[in-house]
$ cat model_36.cif   # mmCIF, C-alpha atoms and all ligand atoms
data_data
loop_
_atom_site.label_atom_id
_atom_site.label_comp_id
_atom_site.auth_asym_id
_atom_site.auth_seq_id
_atom_site.Cartn_x
_atom_site.Cartn_y
_atom_site.Cartn_z
CA MET A 1 3.44 -1.18 -9.67
CA LYS A 2 3.02 2.49 -8.75
CA ASN A 3 1.79 2.63 -5.15
CA LYS A 4 -1.56 4.46 -5.16
CA LEU A 5 -3.15 5.40 -1.83
CA ILE A 6 -5.58 2.59 -0.99
CA THR A 7 -8.26 2.56 1.73
CA PHE A 8 -9.67 -0.75 2.89
CA ILE A 9 -13.12 -0.49 4.47
CA GLY A 10 -13.21 -3.58 6.71
CA GLY A 11 -10.06 -5.09 8.16
CA GLY A 12 -11.11 -8.72 8.64
CA ASN A 13 -9.67 -12.01 7.41
CA MET A 14 -9.59 -11.21 3.70
CA ALA A 15 -8.42 -7.61 4.04
CA GLN A 16 -5.66 -8.79 6.38
CA ALA A 17 -4.53 -11.40 3.84
CA ILE A 18 -4.34 -8.80 1.06
CA VAL A 19 -2.84 -5.95 3.11
CA PHE A 20 -0.21 -8.09 4.84
CA GLY A 21 0.49 -9.84 1.52
CA LEU A 22 1.04 -6.43 -0.11
CA LEU A 23 3.28 -5.26 2.73
CA ASN A 24 5.34 -8.47 2.40
CA LYS A 25 5.75 -7.62 -1.29
CA GLY A 26 7.07 -4.13 -0.45
CA TYR A 27 3.89 -2.07 -0.91
CA SER A 28 4.43 1.07 1.18
CA ALA A 29 2.54 1.09 4.51
CA ALA A 30 2.27 4.87 4.06
CA LYS A 31 0.07 4.19 1.01
CA LEU A 32 -2.42 2.02 2.92
CA ILE A 33 -5.33 3.01 5.17
CA VAL A 34 -7.57 0.49 6.92
CA CYS A 35 -10.90 1.24 8.60
CA ASP A 36 -12.43 -1.33 10.91
CA ARG A 37 -14.82 -0.86 13.79
CA ASN A 38 -12.86 -3.27 16.02
CA GLU A 39 -9.87 -1.87 17.85
CA ALA A 40 -8.04 -5.22 18.02
CA LYS A 41 -8.15 -5.50 14.21
CA ARG A 42 -7.08 -1.87 13.75
CA ASN A 43 -4.08 -2.54 16.02
CA LEU A 44 -2.91 -5.41 13.79
CA PHE A 45 -2.53 -2.95 10.92
CA ALA A 46 -1.27 -0.04 13.05
CA GLN A 47 1.64 -2.25 14.21
CA LYS A 48 2.74 -2.42 10.57
CA GLY A 49 2.61 1.36 10.13
CA VAL A 50 -0.77 1.44 8.38
CA GLU A 51 -3.05 4.45 9.11
CA VAL A 52 -6.12 3.21 11.02
CA ASN A 53 -7.52 6.29 12.76
CA LEU A 54 -9.66 7.84 10.03
CA THR A 55 -13.40 7.46 9.69
CA ASN A 56 -14.67 5.52 6.68
CA VAL A 57 -15.67 8.76 4.96
CA GLU A 58 -12.37 10.55 5.70
CA ALA A 59 -10.37 7.55 4.52
CA ALA A 60 -12.41 7.12 1.34
CA GLU A 61 -12.09 10.83 0.54
CA LYS A 62 -8.33 10.72 1.00
CA ALA A 63 -7.61 7.62 -1.10
CA GLU A 64 -7.55 7.09 -4.85
CA VAL A 65 -8.55 3.43 -4.50
CA VAL A 66 -11.21 2.20 -2.08
CA VAL A 67 -11.50 -1.53 -1.36
CA LEU A 68 -14.84 -2.59 0.11
CA ALA A 69 -13.96 -5.54 2.34
CA VAL A 70 -17.00 -5.95 4.57
CA LYS A 71 -19.38 -8.92 4.61
CA PRO A 72 -22.07 -8.80 1.92
CA GLN A 73 -24.76 -8.29 4.56
CA ALA A 74 -22.89 -5.20 5.86
CA MET A 75 -22.39 -3.64 2.41
CA ALA A 76 -25.56 -1.51 2.25
CA GLU A 77 -25.13 -0.20 5.81
CA THR A 78 -21.46 0.57 5.11
CA CYS A 79 -22.10 2.32 1.79
CA GLY A 80 -24.89 4.52 3.21
CA PRO A 81 -22.55 7.12 4.79
CA LEU A 82 -19.91 6.55 2.08
CA SER A 83 -22.31 7.72 -0.62
CA ALA A 84 -21.50 11.29 0.55
CA VAL A 85 -18.02 10.82 -0.99
CA ASP A 86 -17.40 11.73 -4.64
CA PHE A 87 -16.07 8.49 -6.13
CA SER A 88 -16.06 9.72 -9.74
CA GLY A 89 -12.26 10.01 -9.91
CA LYS A 90 -11.55 6.94 -7.78
CA LEU A 91 -11.31 3.21 -8.31
CA VAL A 92 -13.73 1.14 -6.20
CA ILE A 93 -12.79 -2.50 -5.70
CA SER A 94 -15.29 -4.77 -3.97
CA ILE A 95 -14.15 -8.14 -2.71
CA ALA A 96 -17.58 -9.04 -1.34
CA ALA A 97 -19.14 -12.27 -2.50
CA ALA A 98 -22.42 -11.96 -4.37
CA VAL A 99 -22.70 -8.15 -4.51
CA SER A 100 -23.08 -7.19 -8.16
CA VAL A 101 -21.60 -4.20 -9.93
CA SER A 102 -25.11 -2.80 -10.50
CA ARG A 103 -25.86 -3.12 -6.79
CA LEU A 104 -22.58 -1.37 -5.94
CA SER A 105 -23.39 1.38 -8.46
CA ALA A 106 -26.77 1.89 -6.82
CA LEU A 107 -25.15 2.06 -3.37
CA LEU A 108 -22.39 4.45 -4.51
CA PRO A 109 -23.97 6.44 -7.36
CA THR A 110 -20.90 8.58 -8.13
CA ALA A 111 -18.63 5.53 -8.60
CA LYS A 112 -17.73 5.17 -12.29
CA ASN A 113 -14.83 2.74 -11.99
CA ILE A 114 -15.86 -0.43 -10.20
CA VAL A 115 -14.00 -3.74 -10.17
CA ARG A 116 -15.37 -6.80 -8.46
CA VAL A 117 -12.72 -9.17 -7.20
CA MET A 118 -13.07 -12.65 -5.74
CA PRO A 119 -9.74 -13.24 -3.99
CA ASN A 120 -8.71 -15.87 -1.45
CA THR A 121 -6.73 -15.88 1.78
CA PRO A 122 -3.53 -17.44 0.36
CA ALA A 123 -2.88 -13.86 -0.82
CA LEU A 124 -1.22 -13.57 2.58
CA VAL A 125 1.60 -15.85 1.38
CA SER A 126 1.67 -14.44 -2.18
CA GLU A 127 -0.21 -17.49 -3.48
CA GLY A 128 -3.66 -15.96 -3.84
CA MET A 129 -6.03 -16.59 -6.73
CA ALA A 130 -8.45 -13.87 -7.74
CA GLY A 131 -11.15 -13.59 -10.38
CA LEU A 132 -11.81 -10.03 -11.58
CA PHE A 133 -14.81 -8.47 -13.30
CA ALA A 134 -15.08 -4.84 -14.37
CA SER A 135 -17.98 -2.59 -15.16
CA THR A 136 -18.11 -1.38 -18.75
CA GLY A 137 -16.20 1.82 -19.33
CA LEU A 138 -13.61 1.14 -16.64
CA ASN A 139 -10.65 3.46 -17.05
CA GLY A 140 -7.70 1.45 -18.50
CA GLU A 141 -5.24 2.68 -15.87
CA TYR A 142 -7.55 1.46 -13.13
CA GLN A 143 -8.08 -1.88 -14.87
CA ASP A 144 -4.30 -2.39 -14.96
CA PHE A 145 -3.93 -1.23 -11.35
CA ALA A 146 -6.56 -3.70 -10.07
CA GLU A 147 -4.86 -6.53 -11.93
CA ASP A 148 -1.37 -5.53 -10.77
CA LEU A 149 -2.57 -5.21 -7.19
CA LEU A 150 -3.94 -8.74 -7.07
CA ASN A 151 -1.03 -10.12 -9.12
CA ALA A 152 1.27 -8.75 -6.40
CA VAL A 153 -0.24 -11.31 -4.01
CA GLY A 154 -0.92 -14.21 -6.39
CA LYS A 155 -2.48 -14.93 -9.76
CA THR A 156 -5.53 -13.42 -11.47
CA CYS A 157 -8.02 -14.06 -14.24
CA TRP A 158 -10.51 -11.62 -15.81
CA LEU A 159 -14.10 -12.69 -16.35
CA GLN A 160 -16.13 -11.55 -19.35
CA LYS A 161 -19.49 -12.37 -17.75
CA GLU A 162 -20.36 -11.23 -14.25
CA GLU A 163 -22.50 -14.32 -13.65
CA ASP A 164 -19.26 -16.39 -13.77
CA MET A 165 -18.32 -14.75 -10.48
CA HIS A 166 -20.50 -17.33 -8.70
CA ALA A 167 -18.43 -20.23 -10.10
CA VAL A 168 -15.21 -18.34 -9.40
CA THR A 169 -16.29 -17.98 -5.78
CA ALA A 170 -16.48 -21.78 -5.66
CA GLY A 171 -13.07 -21.99 -7.37
CA SER A 172 -11.05 -19.27 -5.61
CA GLY A 173 -12.72 -17.51 -2.66
CA SER A 174 -14.13 -20.58 -0.91
CA SER A 175 -11.82 -23.27 -2.22
CA PRO A 176 -8.91 -23.01 0.24
CA ALA A 177 -11.40 -24.20 2.87
CA TYR A 178 -12.03 -27.42 0.91
CA PHE A 179 -8.33 -28.23 0.91
CA PHE A 180 -8.04 -27.35 4.61
CA LEU A 181 -10.97 -29.67 5.36
CA PHE A 182 -9.32 -32.51 3.45
CA MET A 183 -6.04 -31.92 5.27
CA GLU A 184 -7.82 -31.77 8.62
CA ALA A 185 -9.41 -35.16 7.91
CA MET A 186 -6.02 -36.65 6.97
CA GLU A 187 -4.38 -35.20 10.08
CA LYS A 188 -7.14 -36.56 12.31
CA THR A 189 -6.84 -40.01 10.75
CA LEU A 190 -3.05 -40.10 11.16
CA SER A 191 -3.46 -39.15 14.83
CA SER A 192 -6.00 -41.95 15.30
CA MET A 193 -3.37 -44.30 13.82
CA GLY A 194 -0.95 -43.32 16.59
CA ILE A 195 1.17 -40.75 14.71
CA SER A 196 2.21 -37.80 16.91
CA PRO A 197 0.42 -34.49 16.27
CA GLU A 198 3.66 -32.84 15.02
CA ASN A 199 4.39 -35.65 12.59
CA ALA A 200 0.75 -35.84 11.44
CA ARG A 201 0.80 -32.10 10.65
CA THR A 202 4.13 -32.33 8.81
CA LEU A 203 3.09 -35.40 6.81
CA VAL A 204 -0.11 -33.71 5.66
CA GLN A 205 1.24 -30.24 4.95
CA GLN A 206 4.34 -31.39 3.11
CA SER A 207 2.40 -33.88 0.99
CA ALA A 208 -0.17 -31.21 0.08
CA LEU A 209 2.54 -28.68 -0.73
CA GLY A 210 4.50 -31.23 -2.78
CA ALA A 211 1.39 -32.29 -4.71
CA ALA A 212 0.47 -28.65 -5.46
CA LYS A 213 4.03 -27.90 -6.62
CA MET A 214 4.00 -30.96 -8.91
CA VAL A 215 0.77 -29.68 -10.47
CA GLU A 216 2.30 -26.23 -10.94
CA ASN A 217 5.60 -27.52 -12.33
CA ASN A 218 3.98 -29.89 -14.86
CA PRO A 219 1.38 -27.80 -16.71
CA GLN A 220 1.55 -30.19 -19.67
CA LEU A 221 0.46 -33.18 -17.56
CA PRO A 222 -3.21 -33.81 -16.85
CA LEU A 223 -3.97 -34.10 -13.14
CA SER A 224 -5.09 -37.68 -13.80
CA THR A 225 -1.54 -38.58 -14.99
CA LEU A 226 -0.01 -37.22 -11.80
CA ARG A 227 -2.49 -39.35 -9.86
CA GLU A 228 -1.80 -42.44 -11.96
CA ASN A 229 1.97 -42.01 -11.46
CA VAL A 230 1.46 -42.55 -7.74
CA THR A 231 -0.89 -45.49 -8.16
CA SER A 232 0.81 -48.88 -8.48
CA LYS A 233 -1.43 -51.62 -9.77
CA GLY A 234 -2.72 -53.63 -6.82
CA GLY A 235 -0.83 -51.36 -4.41
CA THR A 236 -1.63 -49.14 -1.45
CA THR A 237 -2.75 -46.01 -3.32
CA ALA A 238 -5.17 -48.03 -5.42
CA ALA A 239 -6.70 -49.34 -2.20
CA ALA A 240 -7.19 -45.79 -0.90
CA LEU A 241 -8.55 -44.43 -4.20
CA ALA A 242 -11.03 -47.32 -4.41
CA VAL A 243 -12.62 -46.04 -1.20
CA PHE A 244 -12.77 -42.44 -2.50
CA ASN A 245 -14.41 -43.77 -5.67
CA GLN A 246 -16.80 -46.02 -3.75
CA TYR A 247 -18.07 -42.90 -1.95
CA GLN A 248 -17.99 -40.93 -5.23
CA LEU A 249 -15.63 -38.17 -4.14
CA ASP A 250 -16.07 -36.48 -7.54
CA LYS A 251 -19.85 -36.23 -6.96
CA ILE A 252 -19.32 -34.93 -3.43
CA VAL A 253 -16.98 -32.23 -4.75
CA GLN A 254 -19.43 -31.34 -7.53
CA GLN A 255 -22.35 -31.09 -5.11
CA ALA A 256 -20.31 -29.00 -2.67
CA MET A 257 -19.24 -26.53 -5.37
CA GLU A 258 -22.80 -26.36 -6.72
CA ALA A 259 -24.01 -25.55 -3.19
CA CYS A 260 -21.43 -22.76 -3.05
CA VAL A 261 -22.70 -21.33 -6.35
CA ALA A 262 -26.36 -21.66 -5.28
CA ARG A 263 -25.67 -19.80 -2.03
CA SER A 264 -23.83 -17.08 -3.91
CA GLN A 265 -26.81 -16.69 -6.28
CA GLU A 266 -29.17 -16.56 -3.29
CA MET A 267 -27.00 -13.97 -1.49
CA GLU A 268 -26.98 -11.81 -4.62
CA LYS A 269 -30.76 -11.39 -4.21
CA LEU A 270 -30.56 -10.85 -0.43
CA PHE A 271 -27.84 -8.18 -0.18
N1 LIG B 301 -12.60 -14.70 4.12
C1 LIG B 301 -12.34 -15.10 2.88
O1 LIG B 301 -11.62 -16.09 2.66
C2 LIG B 301 -12.91 -14.35 1.72
C3 LIG B 301 -13.81 -13.30 1.90
N2 LIG B 301 -14.31 -12.63 0.82
C4 LIG B 301 -15.22 -11.50 1.02
O2 LIG B 301 -14.51 -10.53 1.75
C5 LIG B 301 -15.42 -9.79 2.56
C6 LIG B 301 -14.88 -9.75 3.97
O3 LIG B 301 -14.82 -11.09 4.45
P1 LIG B 301 -13.97 -11.43 5.76
O4 LIG B 301 -12.72 -10.64 5.75
O5 LIG B 301 -13.94 -12.89 5.85
O6 LIG B 301 -14.96 -10.82 6.86
P2 LIG B 301 -14.60 -10.34 8.33
O7 LIG B 301 -15.89 -10.37 9.10
O8 LIG B 301 -13.43 -11.10 8.84
O9 LIG B 301 -14.16 -8.82 8.10
C7 LIG B 301 -15.01 -7.76 7.87
C8 LIG B 301 -14.64 -6.68 8.86
O10 LIG B 301 -15.30 -5.47 8.51
C9 LIG B 301 -15.81 -4.90 9.71
N3 LIG B 301 -16.88 -3.98 9.35
C10 LIG B 301 -18.16 -4.25 9.02
N4 LIG B 301 -18.81 -3.12 8.71
C11 LIG B 301 -17.93 -2.11 8.85
C12 LIG B 301 -18.01 -0.72 8.66
N5 LIG B 301 -19.14 -0.13 8.27
N6 LIG B 301 -16.91 0.01 8.89
C13 LIG B 301 -15.74 -0.56 9.29
N7 LIG B 301 -15.62 -1.89 9.49
C14 LIG B 301 -16.69 -2.66 9.26
C15 LIG B 301 -16.27 -6.08 10.49
O11 LIG B 301 -16.53 -5.75 11.82
P3 LIG B 301 -17.57 -6.67 12.67
O12 LIG B 301 -16.92 -8.01 12.80
O13 LIG B 301 -17.70 -5.92 13.95
O14 LIG B 301 -18.83 -6.73 11.87
C16 LIG B 301 -15.08 -7.00 10.30
O15 LIG B 301 -14.04 -6.70 11.18
C17 LIG B 301 -16.75 -10.48 2.47
O16 LIG B 301 -17.63 -9.71 1.68
C18 LIG B 301 -16.46 -11.82 1.82
O17 LIG B 301 -17.50 -12.24 0.97
C19 LIG B 301 -13.94 -12.93 -0.45
C20 LIG B 301 -13.07 -13.94 -0.68
C21 LIG B 301 -12.52 -14.76 0.37
O1 LIG B 302 -17.65 -17.85 2.77
C1 LIG B 302 -17.86 -16.77 2.22
O2 LIG B 302 -19.01 -16.37 2.02
C2 LIG B 302 -16.70 -15.91 1.77
C3 LIG B 302 -16.70 -15.70 0.29
C4 LIG B 302 -15.67 -16.61 -0.26
C5 LIG B 302 -14.94 -17.05 0.92
N1 LIG B 302 -15.47 -16.62 2.01
#
$ encode --input "model_36.cif" --output "structure tokens"
Amino acid sequence: MKNKLITFIGGGNMAQAIVFGLLNKGYSAAKLIVCDRNEAKRNLFAQKGVEVNLTNVEAAEKAEVVVLAVKPQAMAETCGPLSAVDFSGKLVISIAAAVSVSRLSALLPTAKNIVRVMPNTPALVSEGMAGLFASTGLNGEYQDFAEDLLNAVGKTCWLQKEEDMHAVTAGSGSSPAYFFLFMEAMEKTLSSMGISPENARTLVQQSALGAAKMVENNPQLPLSTLRENVTSKGGTTAAALAVFNQYQLDKIVQQAMEACVARSQEMEKLF
């Protein structure tokens, strides 16, 4: 991928995951600018050779690609001063949940090339998953660049309908937290069973990693087959799964993901 000059507005958790993921993949630090109002966050990037001392407007003017990486509720306030910049020859990528392309267009009227991305923090370890949606008329070079950029830190999928971004938020952006929660619960239980904290952590993380790799390495196998292969009739796994089923884990997951989508839809109206 040709390294275009990219400015990130907002240097929080998600921008850090993408920027450090890109640096790990060899993206030139000289081609990255990060603006954040917190000095401690700016220092994290400065230590890696990333320019952090420009104002939002200066940095946006200088770059060819501008990534909006602030919270949805900060988007309007952030875009106010930025609207002085001519974005017509630039690519604008927003990673904010629930802020639509039409809203971004209204906030930055000169922006003609807008891509909405819903990434996730595993981008930091090159295992991110991002859904992408583009405004109509997006320049083909910029479409390819947005895809290549996110592919450099994980996998991507394009969405045809912007409304699908809500479901993708439940499936990519938010979803690492579900797995972390599950792993936290397992770790806590192992500790309560007398397993040392180090061993509890290793047991959980290695089992999760191994399970994820088995899913990845066996695309032809349904997930249910992988589960069944672990489950001996009348054995220990069956006993555990019976409890998950008794409490209807599938319904809990469905309700949680629906709550994620509902909040995203609500936020779209608020910000
Ligand atoms: N975290 C995640 O896993 C994911 C997040 N996202 C999206 O990414 C976006 C960022 O999320 P996240 O990184 O978690 O948020 P963070 O709060 O960690 O980062 C946002 C950063 O931007 C700073 N900021 C806010 N306004 C400005 C401004 N005008 N100029 C410069 N800096 C500013 C904030 O400062 P301050 O703290 O002082 O406000 C903060 O440091 C959100 O829109 C979220 O929906 C998408 C997918 C996954
Ligand atoms: O929780 C949030 O709202 C953001 C969007 C997806 C992940 N984090």
$ residues_around --input "model_36.cif" --residues "Asn3 in chain A" --least-positions-apart "4" --cutoff "12 Å" --atoms "all atoms listed in the file" --output "list in words"
Leu22, Leu23, Lys25, Gly26, Tyr27, Ser28, Ala29, Ala30, Lys31, Leu32, Ala63, Glu64, Val65, Phe145, Ala146, Asp148, Leu149 and Ala152 of chain A
$ axis_aligned_box --input "model_36.cif" --around "range 255-270 of chain A" --padding-each-side "5 Å" --output "lines of an AutoDock Vina configuration file"
center_x = -25.0
center_y = -21.0
center_z = -3.6
size_x = 21.5
size_y = 30.2
size_z = 16.3
$ closest_residue --input "model_36.cif" --among "A:Ser100, A:Gln206, A:Thr121, A:Gln248" --to "ligand LIG 301 (chain B)" --atoms "all atoms listed in the file"
A:Thr121
$ residues_around --input "model_36.cif" --residues "range 156-160 of chain A" --least-positions-apart "6" --cutoff "7 Å" --atoms "all atoms listed in the file" --output "VMD selection string"
chain A and resid 129 to 133 147 150
$ residues_near_point --input "model_36.cif" --point "(-17.9, -5.8, 6.6)" --cutoff "12 Å" --atoms "all atoms listed in the file" --output "compact mmCIF listing (two decimals) with C-alpha atoms, in the frame of the given file"
# COMPACT_ATOMS: atom_id res chain seq x y z
CA PHE A 8 -9.67 -0.75 2.89
CA ILE A 9 -13.12 -0.49 4.47
CA GLY A 10 -13.21 -3.58 6.71
CA GLY A 11 -10.06 -5.09 8.16
CA GLY A 12 -11.11 -8.72 8.64
CA ASN A 13 -9.67 -12.01 7.41
CA MET A 14 -9.59 -11.21 3.70
CA ALA A 15 -8.42 -7.61 4.04
CA CYS A 35 -10.90 1.24 8.60
CA ASP A 36 -12.43 -1.33 10.91
CA ARG A 37 -14.82 -0.86 13.79
CA ASN A 38 -12.86 -3.27 16.02
CA ASN A 56 -14.67 5.52 6.68
CA VAL A 67 -11.50 -1.53 -1.36
CA LEU A 68 -14.84 -2.59 0.11
CA ALA A 69 -13.96 -5.54 2.34
CA VAL A 70 -17.00 -5.95 4.57
CA LYS A 71 -19.38 -8.92 4.61
CA PRO A 72 -22.07 -8.80 1.92
CA GLN A 73 -24.76 -8.29 4.56
CA ALA A 74 -22.89 -5.20 5.86
CA MET A 75 -22.39 -3.64 2.41
CA ALA A 76 -25.56 -1.51 2.25
CA GLU A 77 -25.13 -0.20 5.81
CA THR A 78 -21.46 0.57 5.11
CA CYS A 79 -22.10 2.32 1.79
CA SER A 94 -15.29 -4.77 -3.97
CA ILE A 95 -14.15 -8.14 -2.71
CA ALA A 96 -17.58 -9.04 -1.34
CA ALA A 97 -19.14 -12.27 -2.50
$ atom_distance --input "model_36.cif" --atom1 "CA of Val230 in chain A" --atom2 "CA of Gly171 in chain A"
25.2 Å
$ atom_distance --input "model_36.cif" --atom1 "CA of Val57 in chain A" --atom2 "CA of Gly80 in chain A"
10.3 Å
$ closest_residue --input "model_36.cif" --among "A:Gln254, A:Ser88, A:Ser83, A:Ser175" --to "ligand LIG 302 (chain B)" --atoms "all atoms listed in the file"
A:Ser175
$ atom_distance --input "model_36.cif" --atom1 "CA of Leu124 in chain A" --atom2 "atom O10 of ligand LIG 301 (chain B)"
17.3 Å
